[in-house]
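Content type mmCIF, C-alpha atoms, from the file query.cif:
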data_input
loop_
_atom_site.label_atom_id
_atom_site.label_comp_id
_atom_site.auth_asym_id
_atom_site.auth_seq_id
_atom_site.Cartn_x
_atom_site.Cartn_y
_atom_site.Cartn_z
CA MET A 1 32.38 18.08 15.36
CA GLN A 2 28.64 18.20 15.99
CA GLN A 3 26.53 17.97 12.83
CA GLN A 4 23.92 20.63 12.06
CA ALA A 5 20.53 20.31 10.35
CA ASP A 6 17.58 22.59 9.83
CA VAL A 7 15.12 19.77 10.55
CA VAL A 8 15.53 16.25 11.87
CA VAL A 9 12.65 13.87 11.18
CA ILE A 10 12.50 10.84 13.48
CA GLY A 11 11.05 7.86 11.63
CA ALA A 12 11.04 6.98 7.93
CA GLY A 13 7.49 5.73 7.76
CA VAL A 14 5.04 7.37 5.37
CA ALA A 15 4.41 10.34 7.68
CA GLY A 16 8.15 10.98 8.10
CA LEU A 17 8.93 10.65 4.40
CA ILE A 18 6.05 12.95 3.43
CA THR A 19 7.24 15.51 5.99
CA ALA A 20 10.75 15.40 4.52
CA ARG A 21 9.46 15.66 0.97
CA GLU A 22 7.17 18.59 1.67
CA LEU A 23 9.94 20.43 3.52
CA GLY A 24 12.27 19.76 0.59
CA ARG A 25 9.74 21.28 -1.80
CA ARG A 26 9.97 24.44 0.31
CA GLY A 27 13.76 24.46 0.21
CA VAL A 28 14.35 22.91 3.63
CA ARG A 29 16.56 19.81 3.58
CA ALA A 30 15.79 17.28 6.31
CA VAL A 31 17.81 14.53 7.94
CA VAL A 32 15.62 11.46 8.54
CA LEU A 33 16.67 9.07 11.30
CA GLU A 34 15.20 5.57 11.02
CA ALA A 35 15.84 2.86 13.61
CA ARG A 36 15.08 -0.02 11.26
CA ASP A 37 17.17 -1.22 8.33
CA ARG A 38 14.40 -0.22 5.90
CA ILE A 39 12.05 2.66 5.19
CA GLY A 40 8.26 2.47 5.37
CA GLY A 41 7.54 1.97 9.07
CA ARG A 42 4.24 0.13 9.44
CA THR A 43 3.97 -0.19 5.66
CA TRP A 44 6.26 -3.00 4.56
CA THR A 45 6.21 -4.99 1.33
CA ASP A 46 8.29 -8.14 1.80
CA GLN A 47 9.00 -11.17 -0.38
CA ARG A 48 7.42 -14.13 1.41
CA LEU A 49 5.57 -17.30 0.45
CA GLY A 50 6.73 -16.74 -3.14
CA ARG A 51 5.02 -13.34 -3.51
CA ASP A 52 5.37 -9.70 -2.53
CA LEU A 53 3.18 -9.48 0.56
CA GLU A 54 2.05 -6.51 2.64
CA ILE A 55 3.19 -7.24 6.16
CA GLY A 56 1.68 -3.98 7.45
CA GLY A 57 -0.59 -1.32 5.90
CA THR A 58 -2.10 -2.37 2.60
CA TRP A 59 -5.34 -0.91 1.30
CA LEU A 60 -6.28 2.48 -0.12
CA HIS A 61 -9.14 3.98 -2.09
CA TRP A 62 -10.09 6.98 -4.22
CA ILE A 63 -12.21 8.39 -1.37
CA GLN A 64 -8.98 8.71 0.63
CA PRO A 65 -7.92 12.08 -0.80
CA HIS A 66 -4.31 12.29 0.33
CA ALA A 67 -3.41 8.72 -0.66
CA TRP A 68 -5.12 8.97 -4.04
CA ALA A 69 -3.29 12.20 -4.81
CA GLU A 70 -0.03 10.26 -4.35
CA VAL A 71 -1.27 7.44 -6.59
CA THR A 72 -1.91 10.07 -9.26
CA ARG A 73 1.33 11.97 -8.62
CA TYR A 74 3.52 8.90 -9.13
CA GLY A 75 1.36 7.05 -11.64
CA LEU A 76 1.01 4.00 -9.40
CA ALA A 77 -1.09 1.07 -10.60
CA VAL A 78 -3.90 -0.14 -8.34
CA THR A 79 -5.27 -3.67 -8.21
CA ARG A 80 -7.35 -5.87 -5.93
CA GLY A 81 -7.56 -9.44 -4.72
CA PRO A 82 -9.79 -12.00 -6.47
CA ARG A 83 -13.53 -11.63 -6.03
CA SER A 84 -15.00 -14.07 -3.54
CA GLU A 85 -16.90 -17.01 -5.03
CA GLU A 86 -18.01 -18.44 -1.70
CA THR A 87 -18.26 -17.19 1.88
CA TYR A 88 -18.27 -18.99 5.21
CA TRP A 89 -19.53 -17.73 8.55
CA LEU A 90 -20.65 -19.08 11.93
CA ALA A 91 -24.11 -19.31 13.43
CA GLY A 92 -23.12 -20.19 16.96
CA ASP A 93 -20.77 -23.13 16.31
CA GLU A 94 -22.43 -24.11 13.03
CA VAL A 95 -20.65 -23.23 9.81
CA ARG A 96 -22.83 -21.56 7.19
CA ARG A 97 -21.91 -21.21 3.53
CA GLY A 98 -23.18 -18.83 0.88
CA THR A 99 -22.16 -15.88 -1.24
CA LEU A 100 -20.46 -12.70 -0.12
CA ASP A 101 -23.74 -10.90 -0.80
CA ASP A 102 -25.46 -13.31 1.59
CA PHE A 103 -23.00 -12.33 4.30
CA MET A 104 -23.28 -8.62 3.58
CA ASN A 105 -27.06 -8.88 3.75
CA LEU A 106 -26.70 -10.72 7.06
CA ILE A 107 -24.69 -7.92 8.69
CA ASN A 108 -26.58 -5.05 7.05
CA PRO A 109 -29.31 -4.61 9.72
CA GLY A 110 -26.75 -4.52 12.53
CA MET A 111 -24.36 -2.25 10.67
CA THR A 112 -27.15 0.13 9.69
CA ARG A 113 -28.50 0.43 13.23
CA LEU A 114 -25.05 0.68 14.81
CA LEU A 115 -23.97 3.51 12.50
CA GLU A 116 -27.23 5.39 11.93
CA ASP A 117 -26.08 8.44 13.93
CA THR A 118 -22.70 8.71 12.20
CA MET A 119 -23.21 12.08 10.56
CA LYS A 120 -24.87 13.51 13.68
CA TRP A 121 -21.70 12.99 15.68
CA ILE A 122 -19.06 13.39 12.93
CA PRO A 123 -20.59 15.78 10.36
CA ARG A 124 -17.10 16.87 9.25
CA PRO A 125 -14.54 14.04 9.43
CA ASP A 126 -11.81 16.55 8.55
CA ALA A 127 -12.68 18.31 11.84
CA PRO A 128 -13.65 15.37 14.05
CA LEU A 129 -14.21 17.39 17.24
CA THR A 130 -16.83 19.73 15.73
CA VAL A 131 -19.77 18.52 17.86
CA ARG A 132 -19.58 20.07 21.32
CA ARG A 133 -20.96 17.09 23.26
CA LEU A 134 -18.89 14.49 21.45
CA ALA A 135 -17.52 13.22 24.79
CA ASP A 136 -21.05 11.92 25.53
CA VAL A 137 -20.65 9.24 22.86
CA ASP A 138 -16.87 8.84 23.22
CA GLN A 139 -17.38 7.11 26.56
CA PHE A 140 -18.73 3.95 24.91
CA ASN A 141 -16.85 0.98 23.49
CA LEU A 142 -17.90 -0.80 20.33
CA GLN A 143 -18.84 -4.04 22.08
CA GLU A 144 -21.41 -2.46 24.38
CA MET A 145 -23.00 -0.64 21.44
CA LEU A 146 -23.24 -3.92 19.51
CA ASP A 147 -24.68 -5.66 22.57
CA GLU A 148 -27.39 -2.99 22.83
CA LEU A 149 -28.68 -4.07 19.41
CA GLU A 150 -29.58 -7.53 20.80
CA LEU A 151 -28.85 -9.20 17.48
CA PRO A 152 -29.53 -12.90 16.87
CA VAL A 153 -26.39 -14.95 17.51
CA GLU A 154 -25.65 -15.47 13.80
CA GLU A 155 -25.87 -11.73 13.08
CA LYS A 156 -23.92 -10.86 16.21
CA ASN A 157 -21.04 -13.24 15.38
CA ALA A 158 -20.94 -11.91 11.83
CA ASN A 159 -20.94 -8.25 12.84
CA GLU A 160 -18.29 -8.80 15.49
CA ALA A 161 -16.04 -10.67 13.07
CA ALA A 162 -16.41 -7.95 10.45
CA TRP A 163 -15.35 -5.31 12.98
CA VAL A 164 -12.36 -7.36 14.13
CA GLY A 165 -11.27 -7.41 10.49
CA HIS A 166 -11.48 -3.63 10.47
CA PHE A 167 -10.19 -2.80 13.96
CA ASN A 168 -7.67 -5.57 14.73
CA ALA A 169 -8.54 -5.46 18.43
CA PRO A 170 -10.89 -6.80 21.13
CA LEU A 171 -14.09 -4.85 20.57
CA ASP A 172 -14.58 -4.03 24.24
CA GLN A 173 -11.35 -2.00 24.04
CA CYS A 174 -12.33 -0.06 20.89
CA ALA A 175 -13.98 3.33 20.98
CA TYR A 176 -17.40 3.28 19.37
CA LEU A 177 -16.41 6.68 18.02
CA SER A 178 -13.71 5.00 15.91
CA ALA A 179 -16.45 3.16 14.01
CA LEU A 180 -18.27 6.45 13.48
CA ARG A 181 -15.10 8.18 12.25
CA TRP A 182 -14.36 5.49 9.67
CA THR A 183 -17.95 5.60 8.42
CA ALA A 184 -18.09 9.41 8.38
CA ALA A 185 -14.96 9.40 6.19
CA ALA A 186 -17.04 7.35 3.73
CA ALA A 187 -19.90 9.88 3.77
CA GLY A 188 -21.94 7.79 6.22
CA SER A 189 -22.01 4.61 4.10
CA TRP A 190 -20.82 1.47 5.86
CA HIS A 191 -20.70 -0.35 2.51
CA LEU A 192 -18.31 2.27 1.11
CA MET A 193 -16.28 2.24 4.33
CA HIS A 194 -15.91 -1.53 4.02
CA GLU A 195 -14.71 -1.20 0.42
CA ALA A 196 -12.34 1.69 1.17
CA SER A 197 -10.63 -0.11 4.03
CA ALA A 198 -10.19 -3.61 2.65
CA ILE A 199 -10.25 -4.07 -1.14
CA PHE A 200 -7.86 -2.08 -3.34
CA ARG A 201 -4.06 -2.16 -3.08
CA LEU A 202 -1.03 -1.02 -5.05
CA ALA A 203 -0.08 -3.45 -7.81
CA ASP A 204 3.64 -3.09 -7.03
CA GLY A 205 3.13 -2.95 -3.29
CA THR A 206 3.28 -0.14 -0.79
CA ARG A 207 7.02 -0.35 -1.45
CA SER A 208 6.40 1.51 -4.73
CA LEU A 209 4.79 4.45 -2.91
CA VAL A 210 7.35 4.56 -0.10
CA GLU A 211 10.31 4.46 -2.48
CA ALA A 212 8.80 7.14 -4.73
CA ILE A 213 8.27 9.53 -1.81
CA ALA A 214 11.77 8.88 -0.44
CA ALA A 215 13.41 9.49 -3.83
CA ASP A 216 11.36 12.65 -4.32
CA SER A 217 12.25 14.02 -0.88
CA GLY A 218 15.96 14.55 -1.49
CA ALA A 219 16.37 13.94 2.23
CA ASP A 220 19.40 12.47 3.96
CA ILE A 221 17.86 9.21 5.19
CA ARG A 222 19.96 7.34 7.75
CA LEU A 223 18.95 3.74 8.48
CA GLU A 224 19.75 1.75 11.61
CA ALA A 225 19.92 5.05 13.46
CA PRO A 226 17.70 4.72 16.54
CA VAL A 227 17.29 7.91 18.52
CA ARG A 228 18.70 7.64 22.04
CA SER A 229 17.79 11.05 23.46
CA ILE A 230 16.47 14.50 22.58
CA THR A 231 17.28 17.65 24.52
CA HIS A 232 15.44 20.76 23.40
CA ASP A 233 15.08 24.46 24.20
CA GLU A 234 13.75 27.54 22.43
CA ARG A 235 16.78 27.65 20.10
CA GLY A 236 16.62 24.08 18.83
CA ALA A 237 17.35 20.52 19.84
CA GLU A 238 20.23 18.10 20.21
CA ILE A 239 19.53 14.55 19.09
CA THR A 240 21.73 11.61 20.08
CA TYR A 241 21.33 8.55 17.88
CA GLY A 242 22.97 5.30 16.82
CA ASP A 243 26.29 4.68 18.49
CA GLY A 244 26.54 8.08 20.14
CA HIS A 245 26.26 10.35 17.10
CA THR A 246 24.74 13.79 17.72
CA LEU A 247 22.86 16.25 15.57
CA ARG A 248 21.85 19.81 16.33
CA ALA A 249 18.60 20.87 14.62
CA ARG A 250 16.42 23.95 14.55
CA ARG A 251 13.31 21.78 14.49
CA VAL A 252 12.50 18.11 15.16
CA VAL A 253 9.54 16.18 13.76
CA ILE A 254 8.67 13.02 15.70
CA THR A 255 6.64 10.53 13.65
CA LEU A 256 6.62 7.51 15.96
CA PRO A 257 3.45 5.55 16.80
CA GLN A 258 1.44 6.72 19.80
CA ASN A 259 2.47 3.75 21.97
CA MET A 260 6.14 4.73 21.58
CA LEU A 261 5.99 8.37 22.69
CA HIS A 262 6.33 7.81 26.45
CA GLN A 263 9.43 5.68 25.89
CA LEU A 264 11.46 8.47 24.29
CA ASP A 265 14.19 10.07 26.39
CA ILE A 266 13.22 13.73 25.95
CA THR A 267 14.35 16.65 28.10
CA PRO A 268 12.32 18.65 29.06
CA ALA A 269 9.69 15.90 29.11
CA LEU A 270 6.70 15.86 26.79
CA PRO A 271 3.43 17.24 28.15
CA ASP A 272 0.91 14.98 29.86
CA GLY A 273 -1.46 15.14 26.89
CA LYS A 274 1.08 13.16 24.88
CA LEU A 275 2.41 10.87 27.59
CA ARG A 276 -0.90 9.71 29.03
CA PRO A 277 -2.41 8.29 25.80
CA SER A 278 0.93 6.65 25.05
CA ARG A 279 1.03 4.93 28.42
CA GLU A 280 -2.66 4.00 28.21
CA LYS A 281 -2.00 2.63 24.70
CA THR A 282 -4.15 2.24 21.65
CA ALA A 283 -6.80 -0.47 21.48
CA SER A 284 -5.30 -2.16 18.42
CA ARG A 285 -3.21 -5.20 19.24
CA GLY A 286 -4.28 -7.79 16.73
CA ALA A 287 -2.66 -10.27 14.36
CA LYS A 288 -2.27 -10.34 10.58
CA ALA A 289 -1.29 -13.66 9.01
CA TRP A 290 -0.35 -14.64 5.47
CA ILE A 291 -1.09 -18.28 4.64
CA ARG A 292 -0.08 -20.26 1.57
CA VAL A 293 -2.34 -23.27 0.91
CA ARG A 294 -2.30 -25.97 -1.72
CA GLY A 295 -4.45 -25.25 -4.76
CA PRO A 296 -6.65 -25.17 -6.61
CA VAL A 297 -8.79 -23.08 -4.25
CA LYS A 298 -11.84 -21.02 -5.15
CA PRO A 299 -11.58 -17.41 -3.92
CA PHE A 300 -13.39 -17.19 -0.60
CA PHE A 301 -14.11 -15.10 2.50
CA ALA A 302 -14.56 -16.60 5.96
CA TYR A 303 -15.79 -14.92 9.14
CA SER A 304 -15.94 -16.54 12.57
CA SER A 305 -16.25 -14.39 15.72
CA GLN A 306 -13.96 -12.17 17.74
CA HIS A 307 -13.37 -15.02 20.19
CA HIS A 308 -11.51 -17.13 17.64
CA ALA A 309 -7.78 -16.79 16.99
CA LEU A 310 -8.49 -15.67 13.42
CA SER A 311 -11.77 -13.87 12.85
CA VAL A 312 -11.49 -13.08 9.14
CA VAL A 313 -9.74 -14.99 6.34
CA ARG A 314 -9.82 -14.41 2.61
CA THR A 315 -7.95 -15.24 -0.56
CA GLU A 316 -5.63 -12.48 -1.77
CA PHE A 317 -3.65 -14.32 -4.49
CA ILE A 318 -4.65 -17.30 -6.66
CA GLY A 319 -2.00 -19.42 -8.41
CA GLU A 320 -2.21 -22.50 -10.59
CA ASP A 321 -1.32 -24.87 -7.77
CA ASP A 322 -1.59 -22.69 -4.66
CA ALA A 323 -3.37 -19.74 -3.10
CA VAL A 324 -2.28 -17.14 -0.55
CA LEU A 325 -4.75 -16.08 2.11
CA VAL A 326 -4.67 -13.10 4.43
CA ALA A 327 -6.20 -13.38 7.90
CA PHE A 328 -6.84 -11.16 10.92
CA GLY A 329 -7.40 -11.80 14.62
CA ALA A 330 -8.29 -9.54 17.52
CA ASP A 331 -5.33 -10.35 19.77
CA SER A 332 -1.80 -11.22 18.68
CA SER A 333 -1.16 -13.05 21.96
CA ARG A 334 -3.68 -15.74 20.93
CA ILE A 335 -1.80 -16.97 17.86
CA ASP A 336 1.74 -17.13 16.49
CA VAL A 337 1.29 -16.10 12.88
CA ASN A 338 4.57 -17.82 12.01
CA ASP A 339 3.46 -21.22 13.38
CA PRO A 340 1.88 -23.36 10.61
CA LYS A 341 0.20 -25.71 13.11
CA ALA A 342 -1.45 -22.85 15.00
CA VAL A 343 -2.65 -21.25 11.78
CA ASP A 344 -3.92 -24.58 10.42
CA ALA A 345 -5.91 -25.12 13.62
CA ALA A 346 -7.42 -21.64 13.31
CA LEU A 347 -8.54 -22.30 9.72
CA ARG A 348 -10.31 -25.49 10.75
CA VAL A 349 -12.97 -23.41 12.48
CA TRP A 350 -14.47 -23.11 8.99
CA ARG A 351 -12.71 -25.60 6.74
CA ASP A 352 -10.81 -28.87 7.12
CA ASP A 353 -9.97 -29.16 3.41
CA LEU A 354 -7.17 -26.58 3.27
CA ASP A 355 -3.60 -27.87 3.18
CA VAL A 356 -1.36 -25.23 4.78
CA LEU A 357 2.03 -25.11 3.04
CA ASP A 358 3.61 -22.10 4.71
CA VAL A 359 2.74 -19.08 6.80
CA GLY A 360 4.25 -15.69 7.51
CA GLY A 361 3.61 -12.48 9.37
CA HIS A 362 5.03 -10.00 11.84
CA ASP A 363 4.19 -9.42 15.49
CA TRP A 364 3.80 -5.65 15.47
CA MET A 365 3.04 -5.62 19.18
CA ALA A 366 6.46 -7.10 19.91
CA ASP A 367 8.20 -4.84 17.39
CA PRO A 368 10.26 -2.39 19.52
CA TYR A 369 9.68 0.41 16.99
CA SER A 370 5.89 0.13 16.68
CA GLN A 371 4.27 -1.74 19.61
CA GLU A 372 0.91 -1.37 17.91
CA THR A 373 -0.80 -2.20 14.63
CA TRP A 374 -2.91 0.46 12.92
CA LEU A 375 -4.54 3.00 15.21
CA ILE A 376 -7.84 2.23 16.88
CA GLN A 377 -8.49 4.41 19.90
CA GLN A 378 -9.79 3.45 23.30
CA PRO A 379 -12.97 5.15 24.54
CA GLY A 380 -12.33 8.76 25.51
CA HIS A 381 -9.03 9.11 23.70
CA LEU A 382 -10.23 11.18 20.76
CA THR A 383 -11.98 13.83 22.81
CA GLN A 384 -9.33 13.93 25.55
CA TYR A 385 -6.11 13.72 23.56
CA HIS A 386 -6.56 14.49 19.85
CA HIS A 387 -5.56 18.16 19.99
CA ALA A 388 -2.74 17.46 22.44
CA LEU A 389 -1.27 14.70 20.26
CA GLN A 390 -1.29 16.95 17.19
CA ALA A 391 0.16 19.99 18.96
CA GLY A 392 3.80 20.97 18.80
CA THR A 393 5.94 21.37 21.92
CA GLY A 394 8.37 24.23 21.39
CA VAL A 395 10.71 23.16 18.58
CA LEU A 396 9.28 19.61 18.59
CA HIS A 397 6.54 18.77 16.11
CA PHE A 398 4.52 15.55 15.73
CA ALA A 399 3.31 13.81 12.57
CA SER A 400 1.67 10.39 12.50
CA SER A 401 -1.23 8.57 10.97
CA ASP A 402 -2.24 7.91 14.58
CA HIS A 403 -3.46 11.48 15.00
CA ALA A 404 -4.70 12.35 11.53
CA ASN A 405 -8.11 13.94 11.21
CA ILE A 406 -9.84 11.93 8.49
CA TRP A 407 -8.42 8.44 7.92
CA ALA A 408 -6.46 8.02 11.15
CA GLY A 409 -4.54 4.75 11.13
CA PHE A 410 -4.41 4.57 7.32
CA ILE A 411 -1.74 5.44 4.77
CA ASP A 412 -3.96 8.39 3.91
CA GLY A 413 -3.77 9.63 7.49
CA ALA A 414 0.02 9.47 7.48
CA ILE A 415 0.15 11.58 4.31
CA GLU A 416 -2.36 14.08 5.72
CA SER A 417 -0.44 14.47 8.97
CA GLY A 418 3.00 14.75 7.36
CA THR A 419 1.74 17.36 4.90
CA ARG A 420 0.18 19.49 7.62
CA VAL A 421 3.17 19.32 9.96
CA ALA A 422 5.66 20.16 7.20
CA ARG A 423 3.69 23.33 6.54
CA HIS A 424 3.74 24.26 10.22
CA VAL A 425 7.47 23.58 10.53
CA HIS A 426 8.29 25.68 7.49
CA SER A 427 6.16 28.55 8.80
CA SER A 428 7.91 28.43 12.16
CA LEU A 429 11.33 28.51 10.49
CA GLU A 430 10.26 31.46 8.36
CA ARG A 431 9.14 33.37 11.46
CA GLN A 432 12.48 32.72 13.12
CA HIS A 433 14.44 34.50 10.37
#
So that I can check it, write out the structure of this file as structure tokens.
Amino acid sequence: MQQQADVVVIGAGVAGLITARELGRRGVRAVVLEARDRIGGRTWTDQRLGRDLEIGGTWLHWIQPHAWAEVTRYGLAVTRGPRSEETYWLAGDEVRRGTLDDFMNLINPGMTRLLEDTMKWIPRPDAPLTVRRLADVDQFNLQEMLDELELPVEEKNANEAAWVGHFNAPLDQCAYLSALRWTAAAAGSWHLMHEASAIFRLADGTRSLVEAIAADSGADIRLEAPVRSITHDERGAEITYGDGHTLRARRVVITLPQNMLHQLDITPALPDGKLRPSREKTASRGAKAWIRVRGPVKPFFAYSSQHHALSVVRTEFIGEDDAVLVAFGADSSRIDVNDPKAVDAALRVWRDDLDVLDVGGHDWMADPYSQETWLIQQPGHLTQYHHALQAGTGVLHFASSDHANIWAGFIDGAIESGTRVARHVHSSLERQH
């Protein structure tokens, strides 16, 4: 006999779990179908290298309103990595060494000039398409805007490396507008944006947030249940999943990453405004590596350039006889984050005194259920596709951090999107009665 549900949520990442929880608070029980054997999606706390490590999304901040509300709701403890005691960067091929303040002062002129028009173009980050001629600036990529500054090579390398740490992508593929959106969300301050996107994390891991939301949702969460097809009409939808199971639902909420949308078997097909950006793909395709090295090691930051396999490395945990570093590169195809020799070679750009004991990471680009890291848009994507990606299609609704308004690509954006879509779904169900 075919099973029935009021709402089926596809994906048990943060956006999907928030959607299910918010529907449950309104008396609507949801069935959540998750293809993986775990919840969390692109947030994933895993035991590796002797510690609980964030394989995906990690950082949050009190200026991220939706995420901080959840920290308060569940009483979650927040911590941070050790403060840097020394910083390395490149001037051409020459390694420079100083303090983190030295590095921040080095990039400040470029950052300030690059972002000086932030609030002109994004005066309201909660409504990012407010400015009528926004497409004029959305045509540019971040690399060409950095090149226009004609920075000295040391400043240029440093600025590029800092942005790779933020954007996890080749800068010539990244929309300049993405840099403006991040900075607008921090009230126009690049210093605050840097802090909000890379410093503070949950003491018990993102796992603590994900599990709290799931428990609070009361939803029927089914793991290892990949969706095979969706057929929909004005009365509802039929979802086939797993080994041929079917569900009939009045509404469906799809929370998959943007790069996955065009791969879904949906009849009638999704509109072009959803399929085109999915086929064109997001800009983000970088690497995140966790590296355990022999101690003792002073806490440090290191920045190279976007042309190196790892552009940013820093200490995240300090032990008595070891340290664990986290590192980012622009392109996951340049380095295998699970290959100690490749990671060791990448570290030697700055330092030859680190003894790599073990490494770990996850290739999100090769992951069949993500095929992207955190969202960074290509030029033109915000102004062409933002409204279309957010919009519902009949009984199908769409929630994802990828098309949030404020902190798109962050945990905060997933919470924002799931909250908004749950409200819309509940309203549509109420109207149907």
Notebook entry, point to check: Excluding same-chain residues fewer than 6 positions from Gly360 in chain A, what lies within 7 Å of it counting all atoms listed in the file, as a PyMOL selection string?
Noted result: chain A and resi 289-291+337-338
Margin query: Please list, as JSON, numbers by chain, the residues that have an atom at most 9 Å away from (-6.2, 3.2, 1.5) in the coordinates of this file, counting only C-alpha atoms.
Written below: {"A": [57, 58, 59, 60, 61, 62, 63, 64, 67, 68, 196, 197, 198, 199, 200, 201, 407, 410, 411, 412]}
Check: How would you write, as a PyMOL selection string, the residues chosen by the PyMOL selection byres ((chain A and resi 223) around 6) on this structure?
Finding: chain A and resi 34+37+222+224-225
Next item on the list: Go through A:Asp272, A:Phe300, A:Met145, A:Asp367 one by one, measure the shortest atom-to-atom distance of each to Ala388 in chain A using only C-alpha atoms, and give the residue with the smallest value.
Entry: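 Distance minimum relative to Ala388 in chain A lands on A:Asp272.
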Next item on the list: For the point (6.4, 5.8, 5.8) in the file's frame, write as an NGL selection string all residues with an atom no more than 12 Å away, counting all atoms listed in the file.
Entry: :A and (9-21 or 32 or 34 or 36 or 38-45 or 56-57 or 206-214 or 221 or 255-257 or 399-401 or 410-415 or 417-418)
Next item on the list: Considering only C-alpha atoms, state which residue in the set A:Arg73, A:Gly295, A:Trp190, A:Ala179 is at the smallest distance from Asp353 in chain A.
Entry: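 Of A:Arg73, A:Gly295, A:Trp190, A:Ala179, the one nearest Asp353 in chain A, counting only C-alpha atoms, is A:Gly295.
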Next item on the list: Take the PyMOL selection byres ((chain A and resi 184) around 9), apply it to the structure above, and return the hits as JSON, numbers by chain.
Entry: {"A": [118, 119, 121, 122, 123, 124, 125, 179, 180, 181, 182, 183, 185, 186, 187, 188, 189, 190, 193, 406]}
Next item on the list: Quick one: apply the PyMOL selection byres ((chain A and resi 234) around 8) to the file and drop the selected residues here as a PyMOL selection string.
Entry: chain A and resi 232-233+235-236+394-395
Margin query: Can you pull out the residues contacting Val349 in chain A? Cut-off 10 Å, using all atoms listed in the file, and skip same-chain residues under 3 positions away; I want them as number ranges by chain.
Written below: A: 89-90, 93-95, 302-304, 308-311, 344-346, 352
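When CA of Phe301 in chain A is paired with CA of Pro82 in chain A, their separation reads 10.4 Å.
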Next item on the list: Return the single residue from A:Ala237, A:Val253, A:Ala219, A:Ala342 that is closest to His424 in chain A, with distances computed using all atoms listed in the file.
Entry: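 Nearest to His424 in chain A: A:Val253.
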Item checked: Shell around range 312-318 of chain A at 10 Å using all atoms listed in the file, local window under 4 positions removed, as JSON, numbers by chain -> {"A": [51, 53, 80, 81, 82, 83, 84, 87, 88, 89, 158, 161, 162, 163, 164, 165, 166, 199, 288, 289, 290, 291, 292, 293, 295, 296, 297, 298, 299, 300, 301, 302, 303, 304, 305, 306, 308, 322, 323, 324, 325, 326, 327, 328, 329, 330, 346, 347, 350]}
Checklist line | Counting only C-alpha atoms, the option among A:Val78, A:Ile107, A:Ala35, A:Leu114 closest to Gln143 in chain A | finding: A:Leu114
Next item on the list: Tell me, in Å to one decimal, how far CA of Arg294 in chain A is from CA of Arg351 in chain A.
Entry: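 That distance, rounded to one decimal, is 13.4 Å.
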Note to self: I want to know what sits within 9 Å of Arg279 in chain A, based on all atoms listed in the file, with residues of the same chain fewer than 6 positions away left out; could you give that as a PyMOL selection string?
What the structure shows: chain A and resi 258-263
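We find CA of His194 in chain A and CA of Gly98 in chain A to be spaced 19.0 Å apart.
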Please identify all polymer residues within 9 Å of Asp331 in chain A, counting all atoms listed in the file, omitting same-chain residues fewer than 4 positions from it, and present them as a PDB file with C-alpha atoms, in the coordinates of the input.
ATOM      1  CA  ASN A 168      -7.670  -5.570  14.730  1.00  0.00           C
ATOM      2  CA  ALA A 169      -8.540  -5.460  18.430  1.00  0.00           C
ATOM      3  CA  PRO A 170     -10.890  -6.800  21.130  1.00  0.00           C
ATOM      4  CA  SER A 284      -5.300  -2.160  18.420  1.00  0.00           C
ATOM      5  CA  ARG A 285      -3.210  -5.200  19.240  1.00  0.00           C
ATOM      6  CA  GLY A 286      -4.280  -7.790  16.730  1.00  0.00           C
ATOM      7  CA  ALA A 287      -2.660 -10.270  14.360  1.00  0.00           C
ATOM      8  CA  ALA A 309      -7.780 -16.790  16.990  1.00  0.00           C
ATOM      9  CA  LEU A 310      -8.490 -15.670  13.420  1.00  0.00           C
ATOM     10  CA  ILE A 335      -1.800 -16.970  17.860  1.00  0.00           C
TER      11      ILE A 335
END
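For the choices A:Thr282, A:Ser370, A:Ser428, A:Ser217, the atom-to-atom distance to Cys174 in chain A is smallest for A:Thr282 when using only C-alpha atoms.
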